[in-house]
file data28.txt (compact mmCIF, C-alpha atoms)
# COMPACT_ATOMS: atom_id res chain seq x y z
CA MET A 1 97.40 -68.69 -113.75
CA SER A 2 94.76 -68.98 -116.47
CA THR A 3 94.69 -66.87 -119.62
CA VAL A 4 91.57 -65.66 -121.43
CA THR A 5 91.88 -64.53 -125.05
CA ALA A 6 89.78 -61.78 -126.58
CA ASP A 7 89.83 -62.62 -130.29
CA ALA A 8 86.58 -64.59 -130.42
CA PRO A 9 84.54 -64.22 -127.21
CA PRO A 10 82.81 -67.55 -126.63
CA ALA A 11 79.16 -67.82 -125.72
CA PRO A 12 78.47 -68.86 -122.14
CA SER A 13 78.03 -72.56 -121.61
CA GLY A 14 74.41 -73.69 -121.49
CA ASP A 15 75.30 -75.63 -118.35
CA LEU A 16 75.97 -72.52 -116.24
CA PRO A 17 73.41 -71.80 -113.48
CA LEU A 18 72.14 -68.56 -115.07
CA SER A 19 72.35 -69.57 -118.74
CA GLY A 20 69.32 -68.30 -120.64
CA ILE A 21 68.78 -65.33 -118.30
CA ARG A 22 69.05 -61.91 -119.94
CA VAL A 23 69.98 -58.96 -117.73
CA LEU A 24 69.68 -55.35 -118.85
CA GLU A 25 72.26 -53.38 -116.87
CA LEU A 26 71.35 -49.71 -116.61
CA GLY A 27 73.70 -48.99 -113.73
CA GLN A 28 77.07 -47.32 -113.74
CA LEU A 29 80.19 -47.03 -111.60
CA ILE A 30 80.34 -49.86 -109.05
CA ALA A 31 77.28 -51.20 -107.19
CA GLY A 32 75.00 -52.06 -110.11
CA PRO A 33 77.82 -53.14 -112.44
CA PHE A 34 79.36 -55.39 -109.77
CA CYS A 35 76.00 -57.14 -109.50
CA GLY A 36 76.06 -57.56 -113.29
CA GLN A 37 79.60 -58.91 -113.18
CA LEU A 38 78.59 -61.65 -110.74
CA LEU A 39 75.48 -62.63 -112.70
CA GLY A 40 77.37 -62.62 -116.00
CA HIS A 41 80.12 -64.86 -114.69
CA PHE A 42 77.59 -67.58 -113.95
CA GLY A 43 76.02 -67.51 -117.39
CA ALA A 44 73.57 -64.62 -117.61
CA GLU A 45 73.67 -62.51 -120.77
CA ILE A 46 74.47 -58.98 -119.59
CA ILE A 47 73.55 -56.10 -121.89
CA LYS A 48 75.14 -52.98 -120.46
CA VAL A 49 73.53 -49.70 -121.54
CA GLU A 50 75.96 -46.77 -121.56
CA PRO A 51 75.66 -43.14 -122.67
CA PRO A 52 77.19 -42.49 -126.10
CA THR A 53 80.53 -40.68 -126.29
CA THR A 54 81.41 -40.93 -122.58
CA GLY A 55 80.19 -44.35 -121.52
CA ASP A 56 80.21 -45.49 -117.91
CA PRO A 57 82.28 -42.97 -115.90
CA LEU A 58 84.27 -45.90 -114.50
CA ARG A 59 85.91 -46.23 -117.92
CA VAL A 60 88.21 -43.35 -116.96
CA TRP A 61 88.48 -43.81 -113.18
CA ARG A 62 91.84 -44.23 -111.47
CA GLU A 63 94.70 -45.66 -113.52
CA LEU A 64 94.27 -45.65 -117.30
CA ASP A 65 95.72 -48.21 -119.70
CA ILE A 66 97.48 -47.55 -123.02
CA ASP A 67 94.12 -47.08 -124.76
CA GLY A 68 92.88 -44.55 -122.19
CA THR A 69 90.49 -47.00 -120.52
CA SER A 70 90.67 -48.03 -116.87
CA PRO A 71 91.82 -51.63 -116.31
CA TRP A 72 89.28 -51.64 -113.48
CA PHE A 73 86.52 -51.18 -116.04
CA ARG A 74 87.88 -54.08 -118.10
CA SER A 75 87.48 -56.19 -114.97
CA ILE A 76 84.06 -55.14 -113.68
CA ALA A 77 82.55 -55.15 -117.21
CA ARG A 78 83.88 -58.59 -118.17
CA ASN A 79 81.46 -60.93 -119.95
CA LYS A 80 79.13 -58.02 -120.78
CA LYS A 81 77.84 -56.61 -124.04
CA SER A 82 78.11 -52.82 -124.34
CA ILE A 83 75.46 -50.84 -126.19
CA ALA A 84 75.54 -47.05 -126.35
CA ILE A 85 72.09 -45.45 -125.98
CA ASP A 86 71.19 -41.91 -124.87
CA LEU A 87 68.49 -42.34 -122.22
CA ARG A 88 67.86 -38.59 -122.26
CA LYS A 89 66.30 -38.95 -125.72
CA GLN A 90 62.80 -40.34 -126.12
CA GLU A 91 63.78 -42.67 -128.94
CA GLY A 92 66.63 -44.00 -126.82
CA ARG A 93 64.22 -44.76 -123.99
CA GLU A 94 61.90 -46.55 -126.41
CA ILE A 95 64.76 -48.81 -127.47
CA VAL A 96 65.53 -49.62 -123.84
CA LYS A 97 61.85 -50.38 -123.27
CA GLN A 98 61.94 -52.85 -126.17
CA LEU A 99 65.01 -54.49 -124.63
CA ALA A 100 63.27 -54.66 -121.25
CA VAL A 101 60.36 -56.54 -122.80
CA ARG A 102 62.84 -59.21 -123.94
CA SER A 103 64.79 -59.32 -120.64
CA ASP A 104 64.43 -61.26 -117.41
CA VAL A 105 66.12 -58.72 -115.13
CA ILE A 106 66.88 -55.01 -115.02
CA VAL A 107 69.73 -53.90 -112.75
CA GLU A 108 69.96 -50.18 -112.05
CA ASN A 109 71.58 -47.91 -109.48
CA PHE A 110 70.27 -44.47 -110.38
CA LYS A 111 68.93 -42.08 -107.79
CA PRO A 112 65.40 -43.26 -106.85
CA GLY A 113 62.79 -41.77 -109.15
CA THR A 114 65.10 -41.32 -112.14
CA LEU A 115 63.78 -44.24 -114.18
CA GLU A 116 60.20 -43.30 -113.30
CA LYS A 117 60.89 -39.83 -114.70
CA TRP A 118 62.02 -41.47 -117.95
CA GLY A 119 58.99 -43.77 -118.10
CA LEU A 120 61.15 -46.81 -117.39
CA GLY A 121 60.10 -47.61 -113.82
CA PRO A 122 58.65 -50.94 -112.63
CA GLN A 123 55.05 -49.78 -112.99
CA GLU A 124 55.55 -48.91 -116.64
CA LEU A 125 57.72 -51.85 -117.61
CA HIS A 126 55.68 -54.49 -115.77
CA ARG A 127 52.76 -53.59 -118.04
CA GLU A 128 54.94 -54.65 -120.98
CA ASN A 129 56.73 -57.53 -119.24
CA PRO A 130 54.92 -58.80 -116.11
CA SER A 131 57.71 -61.31 -115.38
CA LEU A 132 60.49 -58.70 -115.26
CA ILE A 133 62.63 -58.63 -112.13
CA PHE A 134 63.64 -55.10 -111.23
CA THR A 135 66.82 -54.99 -109.12
CA ARG A 136 67.37 -51.48 -107.75
CA VAL A 137 70.46 -50.36 -105.85
CA SER A 138 70.54 -46.98 -104.11
CA GLY A 139 72.13 -45.30 -101.14
CA TYR A 140 69.23 -45.68 -98.71
CA GLY A 141 66.50 -47.71 -100.44
CA GLN A 142 63.45 -46.82 -102.50
CA THR A 143 61.34 -45.68 -99.51
CA GLY A 144 61.79 -43.71 -96.30
CA PRO A 145 62.77 -40.08 -95.60
CA TRP A 146 66.27 -40.55 -97.02
CA ALA A 147 65.23 -42.31 -100.24
CA SER A 148 65.73 -39.22 -102.40
CA ARG A 149 69.22 -38.53 -101.11
CA PRO A 150 72.10 -39.23 -103.48
CA GLY A 151 74.01 -42.13 -102.02
CA TYR A 152 77.66 -42.98 -102.53
CA ALA A 153 79.45 -45.66 -100.55
CA SER A 154 81.71 -43.12 -98.86
CA VAL A 155 78.64 -41.53 -97.26
CA CYS A 156 76.47 -44.60 -96.71
CA GLU A 157 79.25 -46.66 -95.10
CA VAL A 158 79.58 -44.12 -92.29
CA ASN A 159 75.98 -44.45 -91.09
CA PRO A 160 76.50 -47.97 -89.70
CA ASP A 161 79.54 -46.47 -87.86
CA THR A 162 82.27 -48.50 -89.54
CA GLY A 163 85.16 -46.09 -89.45
CA LEU A 164 85.43 -43.66 -86.55
CA LEU A 165 88.41 -43.95 -84.20
CA SER A 166 89.55 -40.47 -83.27
CA GLY A 167 89.66 -37.61 -85.71
CA PRO A 168 88.46 -38.23 -89.27
CA PRO A 169 86.87 -41.61 -90.06
CA THR A 170 89.21 -44.29 -91.37
CA ARG A 171 88.15 -46.09 -94.55
CA PRO A 172 89.55 -49.12 -96.31
CA ASN A 173 90.98 -47.93 -99.61
CA ILE A 174 88.23 -49.61 -101.62
CA SER A 175 84.56 -48.81 -102.23
CA LEU A 176 83.44 -51.47 -99.78
CA GLY A 177 79.81 -50.34 -99.51
CA ASP A 178 79.30 -50.40 -103.27
CA SER A 179 80.70 -53.89 -103.67
CA VAL A 180 78.77 -55.25 -100.68
CA ALA A 181 75.57 -53.73 -102.09
CA GLY A 182 76.34 -55.28 -105.48
CA LEU A 183 76.77 -58.65 -103.79
CA HIS A 184 73.41 -58.26 -102.04
CA ALA A 185 71.85 -57.22 -105.35
CA ALA A 186 73.13 -60.34 -107.10
CA PHE A 187 71.91 -62.53 -104.23
CA GLY A 188 68.52 -60.79 -104.27
CA THR A 189 68.25 -61.21 -108.03
CA VAL A 190 68.86 -64.94 -107.83
CA LEU A 191 66.29 -65.22 -105.03
CA ALA A 192 63.79 -63.31 -107.19
CA LEU A 193 64.47 -65.65 -110.11
CA LEU A 194 63.78 -68.66 -107.87
CA SER A 195 60.64 -66.96 -106.58
CA ARG A 196 59.53 -66.34 -110.15
CA GLN A 197 59.83 -70.02 -110.95
CA LYS A 198 57.52 -70.88 -108.05
CA LYS A 199 55.01 -68.20 -109.03
CA VAL A 200 54.92 -69.34 -112.64
CA SER A 201 54.34 -72.93 -111.51
CA ARG A 202 51.27 -71.64 -109.66
CA GLY A 203 50.08 -69.73 -112.70
CA GLU A 204 50.97 -66.32 -111.23
CA GLN A 205 52.91 -63.40 -112.66
CA GLY A 206 56.56 -63.70 -111.69
CA GLY A 207 57.86 -60.14 -111.73
CA GLU A 208 58.94 -58.32 -108.59
CA MET A 209 61.30 -55.63 -107.31
CA VAL A 210 64.55 -56.23 -105.40
CA ASP A 211 65.28 -53.16 -103.24
CA VAL A 212 68.93 -52.95 -102.17
CA SER A 213 70.49 -50.05 -100.27
CA ILE A 214 74.17 -49.48 -99.58
CA MET A 215 73.42 -48.49 -96.00
CA GLU A 216 71.39 -51.62 -95.27
CA SER A 217 73.92 -53.84 -97.00
CA MET A 218 76.56 -52.51 -94.60
CA LEU A 219 74.13 -52.86 -91.70
CA ASN A 220 73.85 -56.53 -92.65
CA LEU A 221 77.55 -56.91 -91.77
CA MET A 222 77.28 -55.44 -88.27
CA GLU A 223 77.31 -58.84 -86.54
CA GLY A 224 76.28 -58.41 -82.88
CA ILE A 225 76.54 -54.62 -82.70
CA VAL A 226 72.81 -53.88 -82.69
CA PRO A 227 71.64 -56.62 -80.28
CA GLU A 228 74.56 -55.84 -77.94
CA TYR A 229 73.54 -52.18 -77.90
CA ASP A 230 69.91 -53.11 -77.30
CA ARG A 231 70.48 -55.56 -74.45
CA LYS A 232 73.65 -54.23 -72.83
CA GLY A 233 73.91 -50.61 -73.92
CA LYS A 234 77.30 -51.27 -75.49
CA VAL A 235 78.39 -48.95 -78.29
CA ARG A 236 81.08 -50.74 -80.25
CA GLY A 237 83.29 -48.57 -82.42
CA PRO A 238 86.29 -49.37 -84.60
CA SER A 239 89.21 -50.98 -82.79
CA GLY A 240 92.15 -50.65 -85.14
CA SER A 241 93.63 -54.00 -86.11
CA SER A 242 91.91 -55.99 -83.35
CA VAL A 243 88.28 -57.05 -82.91
CA THR A 244 86.51 -55.90 -79.77
CA GLY A 245 85.71 -58.73 -77.36
CA ILE A 246 87.81 -61.39 -79.13
CA VAL A 247 91.29 -62.11 -77.74
CA PRO A 248 93.83 -62.66 -79.15
CA THR A 249 93.28 -61.60 -82.73
CA ASN A 250 95.40 -58.71 -83.91
CA ALA A 251 98.29 -57.45 -86.02
CA TYR A 252 101.65 -57.77 -84.31
CA PRO A 253 104.97 -56.13 -85.26
CA CYS A 254 107.95 -58.10 -86.52
CA LEU A 255 111.51 -57.09 -87.31
CA PRO A 256 111.79 -55.11 -90.57
CA LEU A 257 112.93 -56.99 -93.64
CA PRO A 258 116.62 -56.47 -94.51
CA SER A 259 115.56 -55.22 -97.96
CA THR A 260 113.24 -52.56 -96.49
CA PRO A 261 114.68 -51.65 -93.07
CA ALA A 262 112.60 -48.49 -92.77
CA SER A 263 109.26 -50.21 -93.41
CA PRO A 264 107.34 -51.87 -90.57
CA THR A 265 106.36 -55.50 -91.00
CA TYR A 266 103.31 -57.07 -89.37
CA ILE A 267 101.87 -60.49 -88.81
CA ILE A 268 98.22 -61.35 -88.15
CA ILE A 269 97.53 -63.93 -85.45
CA GLY A 270 94.05 -65.30 -84.81
CA ALA A 271 94.24 -67.56 -81.79
CA ASN A 272 90.93 -66.72 -80.15
CA GLY A 273 89.81 -70.34 -79.80
CA ASP A 274 90.60 -71.81 -76.39
CA THR A 275 92.79 -74.63 -77.73
CA LEU A 276 94.45 -72.33 -80.25
CA TYR A 277 95.28 -69.85 -77.53
CA ALA A 278 97.03 -72.53 -75.48
CA ARG A 279 99.04 -73.61 -78.52
CA LEU A 280 100.10 -70.01 -79.13
CA MET A 281 101.26 -69.48 -75.56
CA ARG A 282 103.31 -72.67 -75.65
CA ALA A 283 104.84 -71.68 -78.98
CA ILE A 284 106.02 -68.32 -77.60
CA ASN A 285 107.16 -69.87 -74.31
CA ARG A 286 104.51 -68.15 -72.19
CA GLU A 287 102.92 -71.12 -70.45
CA ASP A 288 102.45 -68.79 -67.48
CA LEU A 289 99.56 -67.26 -69.42
CA ILE A 290 97.72 -70.61 -69.64
CA GLY A 291 95.30 -71.76 -66.98
CA THR A 292 91.93 -71.03 -65.44
CA LEU A 293 92.48 -67.27 -65.57
CA TYR A 294 92.87 -67.49 -69.38
CA ALA A 295 90.75 -70.55 -70.16
CA HIS A 296 87.96 -68.95 -72.17
CA ASN A 297 87.54 -65.87 -74.32
CA HIS A 298 85.77 -63.79 -71.68
CA HIS A 299 88.69 -64.45 -69.31
CA ARG A 300 91.17 -63.32 -71.94
CA VAL A 301 89.19 -60.20 -72.78
CA ALA A 302 89.61 -59.13 -69.15
CA ARG A 303 93.38 -59.60 -69.52
CA GLN A 304 93.79 -58.40 -73.08
CA GLY A 305 96.56 -55.89 -72.37
CA GLU A 306 98.75 -58.48 -70.69
CA ILE A 307 98.23 -61.03 -73.47
CA GLU A 308 98.78 -58.57 -76.33
CA GLU A 309 101.96 -57.26 -74.73
CA ALA A 310 103.35 -60.79 -74.40
CA ILE A 311 102.66 -61.64 -78.04
CA SER A 312 104.06 -58.34 -79.33
CA ALA A 313 107.22 -58.74 -77.24
CA TRP A 314 107.81 -62.12 -78.86
CA THR A 315 107.02 -61.19 -82.49
CA SER A 316 108.93 -57.89 -82.39
CA GLN A 317 112.19 -59.77 -81.81
CA ARG A 318 111.79 -62.01 -84.86
CA GLN A 319 111.60 -61.88 -88.63
CA VAL A 320 108.26 -62.60 -90.26
CA GLU A 321 109.39 -65.91 -91.73
CA GLU A 322 110.50 -67.20 -88.35
CA VAL A 323 107.16 -66.27 -86.79
CA LEU A 324 105.31 -67.97 -89.64
CA THR A 325 107.37 -71.15 -89.36
CA ILE A 326 106.99 -71.50 -85.59
CA LEU A 327 103.26 -70.72 -85.44
CA GLU A 328 102.32 -72.77 -88.49
CA SER A 329 104.17 -75.73 -86.98
CA ALA A 330 102.18 -75.22 -83.79
CA GLY A 331 98.89 -75.17 -85.69
CA VAL A 332 98.14 -71.52 -84.89
CA PRO A 333 96.30 -69.45 -87.58
CA VAL A 334 98.79 -66.86 -88.77
CA GLY A 335 99.34 -64.78 -91.88
CA ARG A 336 101.62 -62.06 -93.07
CA VAL A 337 100.28 -58.61 -93.94
CA VAL A 338 101.04 -58.22 -97.65
CA GLY A 339 100.42 -55.90 -100.59
CA VAL A 340 98.96 -56.60 -103.99
CA LYS A 341 102.31 -57.73 -105.46
CA GLU A 342 102.62 -60.49 -102.88
CA ILE A 343 98.97 -61.45 -103.37
CA VAL A 344 99.29 -61.84 -107.15
CA GLU A 345 102.53 -63.80 -106.83
CA GLY A 346 101.44 -65.89 -103.83
CA GLU A 347 101.55 -69.67 -104.08
CA GLN A 348 97.97 -70.18 -102.85
CA VAL A 349 96.58 -67.66 -105.33
CA LYS A 350 98.51 -69.30 -108.17
CA ALA A 351 97.52 -72.82 -107.15
CA ARG A 352 93.83 -71.87 -107.10
CA GLY A 353 93.96 -69.78 -110.26
CA ALA A 354 92.49 -66.93 -108.23
CA VAL A 355 93.99 -64.30 -110.54
CA GLU A 356 93.70 -64.70 -114.29
CA ASP A 357 95.26 -63.05 -117.33
CA VAL A 358 92.57 -61.69 -119.65
CA GLU A 359 93.26 -60.48 -123.18
CA VAL A 360 92.15 -56.98 -124.19
CA GLY A 361 92.14 -55.98 -127.85
CA CYS A 362 92.98 -58.22 -130.78
CA SER A 363 95.96 -60.47 -130.07
CA ARG A 364 95.91 -61.96 -133.60
CA LYS A 365 96.77 -58.55 -135.02
CA GLY A 366 99.40 -57.93 -132.36
CA GLU A 367 97.31 -55.13 -130.90
CA GLY A 368 96.18 -56.81 -127.71
CA TRP A 369 97.53 -56.97 -124.18
CA LYS A 370 96.75 -58.82 -120.98
CA VAL A 371 95.16 -57.53 -117.80
CA LYS A 372 95.33 -59.42 -114.53
CA MET A 373 91.94 -59.74 -112.82
CA PRO A 374 90.75 -61.58 -109.75
CA ARG A 375 88.54 -64.47 -110.74
CA VAL A 376 84.87 -64.26 -109.84
CA PHE A 377 83.90 -66.44 -106.88
CA PRO A 378 82.57 -68.73 -105.48
CA VAL A 379 83.86 -71.82 -107.26
CA LEU A 380 81.00 -74.23 -107.97
CA GLU A 381 81.85 -77.90 -108.41
CA GLY A 382 81.25 -79.04 -111.96
CA CYS A 383 80.52 -75.48 -113.14
CA ASP A 384 82.82 -74.16 -115.87
CA ALA A 385 82.22 -70.50 -115.05
CA LYS A 386 85.01 -68.25 -116.28
CA THR A 387 85.87 -64.90 -117.80
CA ARG A 388 85.01 -65.16 -121.49
CA TRP A 389 86.09 -61.65 -122.50
CA ALA A 390 87.26 -58.43 -120.87
CA GLY A 391 85.08 -55.36 -120.49
CA PRO A 392 84.30 -54.32 -124.10
CA ASP A 393 84.89 -51.05 -125.90
CA LEU A 394 82.03 -48.56 -125.71
CA GLY A 395 79.17 -49.60 -127.97
CA ALA A 396 80.96 -52.71 -129.20
CA HIS A 397 77.66 -54.65 -129.34
CA THR A 398 75.21 -51.88 -130.27
CA GLU A 399 74.57 -53.09 -133.80
CA GLU A 400 74.37 -56.74 -132.74
CA VAL A 401 71.79 -56.12 -130.02
CA LEU A 402 69.71 -53.63 -132.02
CA GLY A 403 69.74 -56.01 -134.96
CA GLU A 404 68.12 -58.61 -132.71
CA LEU A 405 65.33 -56.07 -132.11
CA GLY A 406 64.72 -56.00 -135.85
CA LEU A 407 66.31 -52.63 -136.62
CA ASN A 408 67.80 -52.56 -140.11
CA VAL A 409 71.09 -50.96 -141.13
CA GLU A 410 69.42 -47.76 -142.32
CA SER A 411 67.64 -47.28 -139.00
CA ILE A 412 70.83 -47.84 -137.04
CA ILE A 413 72.70 -45.31 -139.21
CA ARG A 414 69.94 -42.74 -138.69
CA LEU A 415 69.89 -43.28 -134.90
CA ARG A 416 73.64 -42.88 -134.78
CA GLU A 417 73.57 -39.69 -136.83
CA GLU A 418 70.91 -38.25 -134.51
CA GLY A 419 72.95 -39.11 -131.42
CA VAL A 420 70.42 -41.59 -130.06
CA ILE A 421 72.97 -44.40 -130.15
CA GLY A 422 76.74 -44.56 -130.30
call {"tool": "encode", "arguments": {"input": "data28.txt", "output": "structure tokens"}}
result
Amino acid sequence: MSTVTADAPPAPSGDLPLSGIRVLELGQLIAGPFCGQLLGHFGAEIIKVEPPTTGDPLRVWRELDIDGTSPWFRSIARNKKSIAIDLRKQEGREIVKQLAVRSDVIVENFKPGTLEKWGLGPQELHRENPSLIFTRVSGYGQTGPWASRPGYASVCEVNPDTGLLSGPPTRPNISLGDSVAGLHAAFGTVLALLSRQKKVSRGEQGGEMVDVSIMESMLNLMEGIVPEYDRKGKVRGPSGSSVTGIVPTNAYPCLPLPSTPASPTYIIIGANGDTLYARLMRAINREDLIGTLYAHNHHRVARQGEIEEAISAWTSQRQVEEVLTILESAGVPVGRVVGVKEIVEGEQVKARGAVEDVEVGCSRKGEGWKVKMPRVFPVLEGCDAKTRWAGPDLGAHTEEVLGELGLNVESIIRLREEGVIG
């Protein structure tokens, strides 16, 4: 497991794919900042604008560390520079406009129309910087009858019908829609940067807007749901731990562990390929469920109940480790359902360095501590992308960044006294 120290944050390598790209992050909470996290990991300079005094609300979301800051924030704000500017003040907005002129990308996830109200929308900023890429993340997009609605993932995820079984909708215990939208925003930003290169080579202005909505980002994950509805009238809803129309792939019960006899233990088996299915049936001594009646997936879908019952009857009489050993030996895809402790301590995660220890604070003075964070993926061959520092304290880079704009010490002191910066 790799360790990142915080004493002297290194500059990103010039060899990273996005080195030399400056991103002005005006977003907060999850969707916009997750986009910034991805871009920053691969070399972009991320300047995160936060309100003075409070900062990004995510700083105090969920569990708080010994300094009162959320470890989650330290993770999502890694490799970023924090500057504290009050966008409600005209002089604060002028500073942001100056930064936008010197930036390649703006990432924001305010309610549509907010930046226009502040004079910081694409129309205004493209006059100052025609090559600026404007990446905008919102609940429902910048146009349409729902554009003005406030959009949080918990609301926008439901529209593509991802969670209704019976009774209240069931959600994964993460802000899936926000992170998926952030991923789309990062992808869209990179596409816009490539597009800008082509435009510039033709002598054209390279700026454009990337319009990302949480709802559409989730819709992008709906696989065959829409075409199946259109052509066959099928309305596919949630199916618990299985996947509709794919058999067998499910969670199956095993004997409880001796250390936790009251807690259920489950195994995931994905043997939906025809050859894999036959291997599974031989491994559990159910060759009677092999043959023409079970040869292909559509045959097995018609007999799902019988197949699932046979697998559950076998797994429920065995400990997890025994099931893993038998099915892995048979070449059947299988995995244990685990929690975060098992993930962090797992041999595959350790071997790949998929979780890293990142220093927060000043370790040389004995005031720092480490926070475990998942690495940022994907892994690019020959690319030394890594976490260079944890999410910074509020306003840690205000003076540095404003100094680059040419503001002298006296001006910075005055702005701070007037509450324009923090």
call {"tool": "residues_around", "arguments": {"input": "data28.txt", "residues": "A:Val320", "least_positions_apart": "5", "cutoff": "9 Å", "atoms": "all atoms listed in the file", "output": "PyMOL selection string"}}
result
chain A and resi 253-257+265-267+315+325+336
call {"tool": "write_last_selection", "arguments": {"input": "data28.txt", "atoms": "C-alpha atoms", "output": "mmCIF file, in the frame of the given file"}}
result
data_model
loop_
_atom_site.group_PDB
_atom_site.id
_atom_site.type_symbol
_atom_site.label_atom_id
_atom_site.label_comp_id
_atom_site.auth_asym_id
_atom_site.auth_seq_id
_atom_site.Cartn_x
_atom_site.Cartn_y
_atom_site.Cartn_z
ATOM 1 C CA PRO A 253 104.970 -56.130 -85.260
ATOM 2 C CA CYS A 254 107.950 -58.100 -86.520
ATOM 3 C CA LEU A 255 111.510 -57.090 -87.310
ATOM 4 C CA PRO A 256 111.790 -55.110 -90.570
ATOM 5 C CA LEU A 257 112.930 -56.990 -93.640
ATOM 6 C CA THR A 265 106.360 -55.500 -91.000
ATOM 7 C CA TYR A 266 103.310 -57.070 -89.370
ATOM 8 C CA ILE A 267 101.870 -60.490 -88.810
ATOM 9 C CA THR A 315 107.020 -61.190 -82.490
ATOM 10 C CA THR A 325 107.370 -71.150 -89.360
ATOM 11 C CA ARG A 336 101.620 -62.060 -93.070
#
call {"tool": "closest_residue", "arguments": {"input": "data28.txt", "among": "A:Ala192, A:Leu115, A:Ile30, A:Val180", "to": "A:Ser131", "atoms": "all atoms listed in the file"}}
result
A:Ala192
call {"tool": "closest_residue", "arguments": {"input": "data28.txt", "among": "A:Ala181, A:Leu289, A:Leu87, A:Ile268", "to": "A:Val337", "atoms": "all atoms listed in the file"}}
result
A:Ile268
call {"tool": "closest_residue", "arguments": {"input": "data28.txt", "among": "A:Ile421, A:Cys35, A:Ile47, A:Leu183", "to": "A:Asp86", "atoms": "all atoms listed in the file"}}
result
A:Ile421
call {"tool": "axis_aligned_box", "arguments": {"input": "data28.txt", "around": "stretch 177-184 of chain A", "padding_each_side": "4 Å", "output": "AutoDock Vina command-line options"}}
result
--center_x 77.1 --center_y -54.5 --center_z -102.5 --size_x 15.3 --size_y 16.3 --size_z 14.0
call {"tool": "atom_distance", "arguments": {"input": "data28.txt", "atom1": "atom CA of A:Gln304", "atom2": "atom CA of A:Val338"}}
result
25.6 Å
call {"tool": "atom_distance", "arguments": {"input": "data28.txt", "atom1": "atom CA of A:Thr69", "atom2": "atom CA of A:Ile174"}}
result
19.2 Å
call {"tool": "closest_residue", "arguments": {"input": "data28.txt", "among": "A:Ala310, A:Ile413, A:Ile214, A:Ile95", "to": "A:Pro150", "atoms": "only C-alpha atoms"}}
result
A:Ile214
call {"tool": "closest_residue", "arguments": {"input": "data28.txt", "among": "A:Glu359, A:Glu306, A:Glu347, A:Glu410", "to": "A:Ala390", "atoms": "all atoms listed in the file"}}
result
A:Glu359
call {"tool": "closest_residue", "arguments": {"input": "data28.txt", "among": "A:Ala77, A:Leu26, A:Ile106, A:Ile85", "to": "A:Ile412", "atoms": "all atoms listed in the file"}}
result
A:Ile85
call {"tool": "build_atoms", "arguments": {"input": "data28.txt", "residues": "stretch 280-292 of chain A", "atoms": "N, CA and C atoms", "output": "mmCIF file, keeping the file's coordinate frame"}}
result
data_model
loop_
_atom_site.group_PDB
_atom_site.id
_atom_site.type_symbol
_atom_site.label_atom_id
_atom_site.label_comp_id
_atom_site.auth_asym_id
_atom_site.auth_seq_id
_atom_site.Cartn_x
_atom_site.Cartn_y
_atom_site.Cartn_z
ATOM 1 N N LEU A 280 99.321 -71.228 -78.915
ATOM 2 C CA LEU A 280 100.100 -70.010 -79.130
ATOM 3 C C LEU A 280 101.000 -69.715 -77.941
ATOM 4 N N MET A 281 100.465 -69.802 -76.751
ATOM 5 C CA MET A 281 101.260 -69.480 -75.560
ATOM 6 C C MET A 281 102.427 -70.453 -75.394
ATOM 7 N N ARG A 282 102.202 -71.711 -75.731
ATOM 8 C CA ARG A 282 103.310 -72.670 -75.650
ATOM 9 C C ARG A 282 104.360 -72.362 -76.718
ATOM 10 N N ALA A 283 103.903 -71.966 -77.886
ATOM 11 C CA ALA A 283 104.840 -71.680 -78.980
ATOM 12 C C ALA A 283 105.731 -70.492 -78.674
ATOM 13 N N ILE A 284 105.224 -69.514 -77.922
ATOM 14 C CA ILE A 284 106.020 -68.320 -77.600
ATOM 15 C C ILE A 284 106.621 -68.403 -76.195
ATOM 16 N N ASN A 285 106.559 -69.618 -75.627
ATOM 17 C CA ASN A 285 107.160 -69.870 -74.310
ATOM 18 C C ASN A 285 106.540 -69.004 -73.212
ATOM 19 N N ARG A 286 105.219 -68.883 -73.242
ATOM 20 C CA ARG A 286 104.510 -68.150 -72.190
ATOM 21 C C ARG A 286 103.422 -69.037 -71.581
ATOM 22 N N GLU A 287 103.855 -70.218 -71.116
ATOM 23 C CA GLU A 287 102.920 -71.120 -70.450
ATOM 24 C C GLU A 287 102.333 -70.508 -69.185
ATOM 25 N N ASP A 288 102.995 -69.454 -68.666
ATOM 26 C CA ASP A 288 102.450 -68.790 -67.480
ATOM 27 C C ASP A 288 101.137 -68.087 -67.765
ATOM 28 N N LEU A 289 100.820 -67.902 -69.046
ATOM 29 C CA LEU A 289 99.560 -67.260 -69.420
ATOM 30 C C LEU A 289 98.515 -68.295 -69.851
ATOM 31 N N ILE A 290 98.701 -69.544 -69.422
ATOM 32 C CA ILE A 290 97.720 -70.610 -69.640
ATOM 33 C C ILE A 290 97.170 -71.020 -68.286
ATOM 34 N N GLY A 291 95.902 -71.348 -68.232
ATOM 35 C CA GLY A 291 95.300 -71.760 -66.980
ATOM 36 C C GLY A 291 93.901 -71.230 -66.829
ATOM 37 N N THR A 292 93.334 -71.396 -65.658
ATOM 38 C CA THR A 292 91.930 -71.030 -65.440
ATOM 39 C C THR A 292 91.671 -69.547 -65.655
#
